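Structure first, commentary second.
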Amino acid sequence: MRLRVGYSGFAGKPSSTNHQKREYFFASSLALGFSESMSSVKSVVELSEVDKSFPRGEGSVSVLKGISFSINEGESVAVVGPSGSGKSTLLNIVGTLDQPSSGTVMIDGVNVSSMDELALADFRNQRLGFIFQSHHLLPQCTVLENVLVPTLASRDPRIRGSAIERAPGLLKRVGLDHRMDHRPGQLSGGECQRVAVVRALINNPKLLLADEPTGALDRQSAEALSELLLELNREDGVTLIVVTHSLDLAGKMKRTLELQDGALPNDRNA
Ligand code: ADP
Ligand code: MG
């Protein structure tokens, strides 16, 4: 299984905005192809001097301060730090769910700060996969329906079609193919979280972002989930960024970013 998606969004009605978006993506694909041919190691995430403040009371609170780092394709990175140090804020910014107050964010070679909401939603849907502490599965839907939810936003029937074909294989890989017609209420916490991993992978993302993915699991399920994430990184080359309190999980990642009071004084490569 090779996890990669093409630039096949925006198949809707032609309009000047859609043309602009298509041109934008075409140009960035060319730029991407060019940079790929120049160097074999490709940067998937590049943050430069990222600051983030939130309004608080009359003023604001500075949560991230001058964060700069780059993550290459295929890396596995743990983000650690005390509670409140800005780990989730950082992951949300990398995942384009939030924007920095200043600084630049390049994801997969694209400056995401310059994209409008619609383009960003497509970008996120096609190239990023998210796993949170809580699985957020829809209780009324089956396992199979749940993992296909991210494909509903795709306007390209080919992307939807290939995801539908791939879903049973991915569920088999996480040991849940026999549970496809079950609902989340019939599954354990660990199984639900494995379904959430498949949902995150269904659109072949370039980058998998996980925020405390094992935080709500018992030890055995947490270990199984950690192994699954690392296997996806090792065998399929998915770039992995995991926020975790688990020293065990962090220790298995190639690199650790340690947030201290919103800054990154240490960036350790294992
Ligand atoms: P961590 O994930 O490391 O526990 P967070 O990134 O969730 O930390 O939060 C870092 C700080 O930013 C905390 O003080 C939190 O209260 C604040 N914060 C996070 N999100 C918001 C928000 N949307 N509005 C205001 N403050 C926020
Ligand atoms: Mg957090």
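Residues in the structure tokens are numbered from 1 in each chain, the chains being A, B, ... in the order shown, and ligands are numbered from 1 in the order shown.
Considering only C-alpha atoms and all ligand atoms, every residue of the polymer chains approaching ligand 1 to 7 Å or closer is listed here: Phe54, Pro55, Arg56, Val63, Gly81, Pro82, Ser83, Gly84, Ser85, Gly86, Lys87, Ser88, Thr89 and Leu90 of chain A.
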So which residues of region 139-228 of chain A fall under strand (DSSP E) by DSSP, listed as an mmCIF file with N, CA and C atoms, in the first residue's frame?
data_model
loop_
_atom_site.group_PDB
_atom_site.id
_atom_site.type_symbol
_atom_site.label_atom_id
_atom_site.label_comp_id
_atom_site.auth_asym_id
_atom_site.auth_seq_id
_atom_site.Cartn_x
_atom_site.Cartn_y
_atom_site.Cartn_z
ATOM 1 N N LEU A 207 0.502 12.876 5.679
ATOM 2 C CA LEU A 207 0.930 13.183 7.040
ATOM 3 C C LEU A 207 -0.171 12.768 8.015
ATOM 4 N N LEU A 208 0.228 11.996 9.017
ATOM 5 C CA LEU A 208 -0.719 11.545 10.038
ATOM 6 C C LEU A 208 -0.432 12.300 11.330
ATOM 7 N N LEU A 209 -1.457 12.971 11.861
ATOM 8 C CA LEU A 209 -1.295 13.778 13.065
ATOM 9 C C LEU A 209 -2.142 13.163 14.171
ATOM 10 N N ALA A 210 -1.521 12.896 15.296
ATOM 11 C CA ALA A 210 -2.273 12.256 16.382
ATOM 12 C C ALA A 210 -2.058 13.033 17.678
ATOM 13 N N ASP A 211 -3.159 13.374 18.339
ATOM 14 C CA ASP A 211 -3.085 14.130 19.597
ATOM 15 C C ASP A 211 -3.480 13.199 20.746
#
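Near Leu230 (chain A), within 9 Å and counting only C-alpha atoms, sit Ser76, Leu225, Ser226, Glu227, Asn233, Arg234, Glu235, Leu240, Lys252 and Met253 of chain A; same-chain residues fewer than 3 positions away were not included.
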Produce a file of the selected residues containing N, CA and C atoms, as a compact mmCIF listing (two decimals), in the first residue's frame.
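The result, written out as selection_7.txt:
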# COMPACT_ATOMS: atom_id res chain seq x y z
N SER A 76 9.24 10.07 11.95
CA SER A 76 8.27 9.89 13.04
C SER A 76 8.70 10.81 14.17
N LEU A 225 -1.95 0.07 19.66
CA LEU A 225 -2.15 1.24 18.80
C LEU A 225 -0.81 1.88 18.44
N SER A 226 0.09 1.98 19.43
CA SER A 226 1.42 2.54 19.17
C SER A 226 2.11 1.73 18.07
N GLU A 227 2.04 0.40 18.21
CA GLU A 227 2.67 -0.47 17.22
C GLU A 227 2.10 -0.23 15.83
N ASN A 233 4.20 4.03 9.71
CA ASN A 233 5.33 4.91 9.41
C ASN A 233 6.46 4.11 8.76
N ARG A 234 6.79 2.98 9.35
CA ARG A 234 7.91 2.16 8.88
C ARG A 234 7.65 1.55 7.52
N GLU A 235 6.49 0.94 7.38
CA GLU A 235 6.25 0.14 6.19
C GLU A 235 5.63 0.93 5.05
N LEU A 240 4.70 10.82 10.47
CA LEU A 240 3.89 10.70 11.68
C LEU A 240 4.29 11.75 12.71
N LYS A 252 9.69 5.53 21.08
CA LYS A 252 9.73 4.70 19.87
C LYS A 252 9.81 5.55 18.60
N MET A 253 9.60 6.84 18.74
CA MET A 253 9.65 7.72 17.57
C MET A 253 11.10 8.13 17.31
Would you list the contacts of region 162-165 of chain A as an NGL selection string, taking every protein, DNA or RNA residue within 8 Å and counting only C-alpha atoms, but skipping same-chain residues closer than 6 positions in sequence?
:A and (148 or 151 or 202-203)
Give me a file of those residues, with N, CA and C atoms, as a compact mmCIF listing (two decimals), in the first residue's frame.
# COMPACT_ATOMS: atom_id res chain seq x y z
N LEU A 148 -15.52 5.65 6.05
CA LEU A 148 -15.72 6.31 4.74
C LEU A 148 -16.17 7.77 4.87
N THR A 151 -14.43 10.52 2.97
CA THR A 151 -14.53 10.50 1.50
C THR A 151 -15.78 11.22 1.02
N ILE A 202 -7.95 6.79 5.22
CA ILE A 202 -8.78 6.38 4.07
C ILE A 202 -8.48 7.20 2.81
N ASN A 203 -8.07 8.44 2.96
CA ASN A 203 -7.76 9.25 1.77
C ASN A 203 -6.27 9.26 1.43
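For the atom pair formed by CA of Ser48 (chain A) and CA of Val110 (chain A), the distance is 13.3 Å, given to one decimal.
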Write out as number ranges by chain which residues come within 10 Å of Ala121 (chain A) when counting only C-alpha atoms, dropping same-chain ones fewer than 4 positions away.
A: 96-97, 115-117, 125-126, 153
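Between ligand 2 and the candidates A:Leu91, A:Val195, A:Arg173, A:Glu223, the tightest atom-to-atom separation, counting only C-alpha atoms and all ligand atoms, involves A:Leu91.
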Nearest to ligand 2: which of A:Val149, A:Val50, A:Leu170, A:Val79 is it, counting only C-alpha atoms and all ligand atoms?
A:Val79
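Across the structure, CA of Pro213 (chain A) and CA of Gly237 (chain A) are spaced 19.1 Å apart.
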I want to know what sits within 10 Å of Ser101 (chain A), based on only C-alpha atoms, with residues of the same chain fewer than 6 positions away left out; could you give that as a PDB file with N, CA and C atoms, in the first residue's frame?
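Final file, out_14.pdb:
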ATOM      1  N   VAL A  50       6.946  30.657  14.035  1.00  0.00           N
ATOM      2  CA  VAL A  50       5.507  30.651  14.313  1.00  0.00           C
ATOM      3  C   VAL A  50       5.216  31.128  15.747  1.00  0.00           C
ATOM      4  N   ASP A  51       4.390  32.137  15.840  1.00  0.00           N
ATOM      5  CA  ASP A  51       3.882  32.610  17.129  1.00  0.00           C
ATOM      6  C   ASP A  51       2.376  32.377  17.161  1.00  0.00           C
ATOM      7  N   LYS A  52       1.860  32.078  18.344  1.00  0.00           N
ATOM      8  CA  LYS A  52       0.403  31.974  18.483  1.00  0.00           C
ATOM      9  C   LYS A  52      -0.031  32.573  19.819  1.00  0.00           C
ATOM     10  N   SER A  53      -0.954  33.508  19.735  1.00  0.00           N
ATOM     11  CA  SER A  53      -1.531  34.099  20.947  1.00  0.00           C
ATOM     12  C   SER A  53      -3.032  33.908  20.909  1.00  0.00           C
ATOM     13  N   PHE A  54      -3.610  33.752  22.079  1.00  0.00           N
ATOM     14  CA  PHE A  54      -5.068  33.704  22.196  1.00  0.00           C
ATOM     15  C   PHE A  54      -5.516  34.901  23.019  1.00  0.00           C
ATOM     16  N   SER A  62       0.372  34.541  25.135  1.00  0.00           N
ATOM     17  CA  SER A  62       1.251  34.006  24.101  1.00  0.00           C
ATOM     18  C   SER A  62       1.488  32.519  24.381  1.00  0.00           C
ATOM     19  N   LEU A  64       2.550  29.990  21.696  1.00  0.00           N
ATOM     20  CA  LEU A  64       3.719  29.488  20.957  1.00  0.00           C
ATOM     21  C   LEU A  64       4.615  30.670  20.622  1.00  0.00           C
TER      22      LEU A  64
END
Name the residues of region 5-195 of chain A that come out as helix (DSSP H, G or I) in a backbone DSSP run; write them as a PDB file with C-alpha atoms, in the first residue's frame.
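Once everything was written out, this is result-v1.pdb:
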ATOM      1  CA  SER A  16     -13.552  31.613 -12.121  1.00  0.00           C
ATOM      2  CA  THR A  17     -12.774  30.714  -8.507  1.00  0.00           C
ATOM      3  CA  ASN A  18     -12.447  27.045  -9.329  1.00  0.00           C
ATOM      4  CA  HIS A  19     -10.213  27.879 -12.293  1.00  0.00           C
ATOM      5  CA  GLN A  20      -8.016  29.932 -10.035  1.00  0.00           C
ATOM      6  CA  LYS A  21      -7.842  27.094  -7.550  1.00  0.00           C
ATOM      7  CA  ARG A  22      -7.022  24.570 -10.268  1.00  0.00           C
ATOM      8  CA  GLU A  23      -4.277  26.836 -11.591  1.00  0.00           C
ATOM      9  CA  TYR A  24      -3.000  27.301  -8.086  1.00  0.00           C
ATOM     10  CA  PHE A  25      -2.819  23.589  -7.497  1.00  0.00           C
ATOM     11  CA  PHE A  26      -1.348  22.927 -10.939  1.00  0.00           C
ATOM     12  CA  ALA A  27       1.376  25.480 -10.260  1.00  0.00           C
ATOM     13  CA  SER A  28       2.084  24.046  -6.825  1.00  0.00           C
ATOM     14  CA  SER A  29       2.183  20.485  -8.263  1.00  0.00           C
ATOM     15  CA  LEU A  30       4.797  21.616 -10.777  1.00  0.00           C
ATOM     16  CA  ALA A  31       6.754  23.357  -8.062  1.00  0.00           C
ATOM     17  CA  LEU A  32       6.502  20.237  -5.937  1.00  0.00           C
ATOM     18  CA  GLY A  33       7.671  17.994  -8.786  1.00  0.00           C
ATOM     19  CA  PHE A  34      10.583  20.324  -9.402  1.00  0.00           C
ATOM     20  CA  SER A  35      11.697  20.401  -5.787  1.00  0.00           C
ATOM     21  CA  GLU A  36      11.303  16.604  -5.623  1.00  0.00           C
ATOM     22  CA  SER A  37      13.652  16.149  -8.556  1.00  0.00           C
ATOM     23  CA  MET A  38      16.186  18.501  -6.946  1.00  0.00           C
ATOM     24  CA  LYS A  87       1.230  20.806  22.119  1.00  0.00           C
ATOM     25  CA  SER A  88      -2.347  20.663  20.801  1.00  0.00           C
ATOM     26  CA  THR A  89      -2.133  24.254  19.579  1.00  0.00           C
ATOM     27  CA  LEU A  90       0.998  23.340  17.621  1.00  0.00           C
ATOM     28  CA  LEU A  91      -0.567  20.192  16.170  1.00  0.00           C
ATOM     29  CA  ASN A  92      -3.686  22.126  15.149  1.00  0.00           C
ATOM     30  CA  ILE A  93      -1.539  24.678  13.342  1.00  0.00           C
ATOM     31  CA  VAL A  94       0.399  21.944  11.523  1.00  0.00           C
ATOM     32  CA  VAL A 112      -1.130  27.027   3.702  1.00  0.00           C
ATOM     33  CA  SER A 113      -1.516  30.547   5.105  1.00  0.00           C
ATOM     34  CA  SER A 114      -2.268  31.816   1.611  1.00  0.00           C
ATOM     35  CA  GLU A 117     -11.097  28.084   3.539  1.00  0.00           C
ATOM     36  CA  LEU A 118     -12.494  25.981   0.695  1.00  0.00           C
ATOM     37  CA  ALA A 119      -9.098  25.152  -0.773  1.00  0.00           C
ATOM     38  CA  LEU A 120      -7.780  24.472   2.703  1.00  0.00           C
ATOM     39  CA  ALA A 121     -10.611  22.055   3.468  1.00  0.00           C
ATOM     40  CA  ASP A 122      -9.788  20.070   0.315  1.00  0.00           C
ATOM     41  CA  PHE A 123      -6.097  20.165   1.074  1.00  0.00           C
ATOM     42  CA  ARG A 124      -6.655  18.946   4.627  1.00  0.00           C
ATOM     43  CA  ASN A 125      -9.058  16.247   3.526  1.00  0.00           C
ATOM     44  CA  GLN A 126      -6.712  14.869   0.879  1.00  0.00           C
ATOM     45  CA  ARG A 127      -3.330  15.111   2.507  1.00  0.00           C
ATOM     46  CA  VAL A 143     -17.541   0.725  11.255  1.00  0.00           C
ATOM     47  CA  LEU A 144     -17.370   0.714   7.454  1.00  0.00           C
ATOM     48  CA  GLU A 145     -19.561   3.814   7.173  1.00  0.00           C
ATOM     49  CA  ASN A 146     -17.460   5.585   9.793  1.00  0.00           C
ATOM     50  CA  VAL A 147     -14.184   5.008   7.968  1.00  0.00           C
ATOM     51  CA  LEU A 148     -15.719   6.307   4.744  1.00  0.00           C
ATOM     52  CA  VAL A 149     -16.905   9.594   6.286  1.00  0.00           C
ATOM     53  CA  PRO A 150     -13.848  11.594   5.073  1.00  0.00           C
ATOM     54  CA  THR A 151     -14.528  10.497   1.504  1.00  0.00           C
ATOM     55  CA  LEU A 152     -17.980  12.126   1.528  1.00  0.00           C
ATOM     56  CA  ALA A 153     -16.393  15.545   1.082  1.00  0.00           C
ATOM     57  CA  PRO A 157     -16.010   9.969  -7.644  1.00  0.00           C
ATOM     58  CA  ARG A 158     -12.731   8.175  -8.456  1.00  0.00           C
ATOM     59  CA  ILE A 159     -11.288   9.120  -5.067  1.00  0.00           C
ATOM     60  CA  ARG A 160     -14.472   7.916  -3.365  1.00  0.00           C
ATOM     61  CA  GLY A 161     -14.458   4.711  -5.414  1.00  0.00           C
ATOM     62  CA  SER A 162     -10.881   3.817  -4.608  1.00  0.00           C
ATOM     63  CA  ALA A 163     -11.449   4.553  -0.908  1.00  0.00           C
ATOM     64  CA  ILE A 164     -14.469   2.238  -0.849  1.00  0.00           C
ATOM     65  CA  GLU A 165     -12.343  -0.483  -2.436  1.00  0.00           C
ATOM     66  CA  ARG A 166      -9.504   0.078   0.000  1.00  0.00           C
ATOM     67  CA  ALA A 167     -11.561   0.238   3.197  1.00  0.00           C
ATOM     68  CA  PRO A 168     -11.972  -3.526   3.834  1.00  0.00           C
ATOM     69  CA  GLY A 169      -8.234  -4.110   3.341  1.00  0.00           C
ATOM     70  CA  LEU A 170      -7.343  -1.346   5.786  1.00  0.00           C
ATOM     71  CA  LEU A 171      -9.817  -2.703   8.329  1.00  0.00           C
ATOM     72  CA  LYS A 172      -8.282  -6.145   7.890  1.00  0.00           C
ATOM     73  CA  ARG A 173      -4.868  -4.680   8.524  1.00  0.00           C
ATOM     74  CA  ASP A 177     -12.508  -6.665   8.986  1.00  0.00           C
ATOM     75  CA  HIS A 178     -14.903  -9.002  10.804  1.00  0.00           C
ATOM     76  CA  ARG A 179     -16.390  -5.954  12.585  1.00  0.00           C
ATOM     77  CA  PRO A 184     -18.992   1.685  17.691  1.00  0.00           C
ATOM     78  CA  GLY A 185     -21.067   0.840  20.780  1.00  0.00           C
ATOM     79  CA  GLN A 186     -20.331  -2.841  20.159  1.00  0.00           C
ATOM     80  CA  GLY A 189     -12.122   1.566  23.237  1.00  0.00           C
ATOM     81  CA  GLY A 190      -8.996   0.138  21.590  1.00  0.00           C
ATOM     82  CA  GLU A 191     -10.995  -1.196  18.641  1.00  0.00           C
ATOM     83  CA  CYS A 192     -12.764   2.158  18.197  1.00  0.00           C
ATOM     84  CA  GLN A 193      -9.401   3.899  18.143  1.00  0.00           C
ATOM     85  CA  ARG A 194      -8.157   1.464  15.470  1.00  0.00           C
ATOM     86  CA  VAL A 195     -11.245   2.324  13.404  1.00  0.00           C
TER      87      VAL A 195
END
Residues at most 7 Å from Ser70 (chain A), counting only C-alpha atoms, excluding those fewer than 3 positions away in the same chain, as a PyMOL selection string?
chain A and resi 43+45-47
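The shortest atom-to-atom distance to Glu49 (chain A), with only C-alpha atoms taken into account, belongs to A:Ala263 out of A:Leu257, A:Ala263, A:Ala200, A:Leu128.
Proximity to ligand 2 was assessed for A:Ser134, A:Thr256, A:Thr239, A:Gln220 counting only C-alpha atoms and all ligand atoms; the smallest distance is recorded for A:Ser134.
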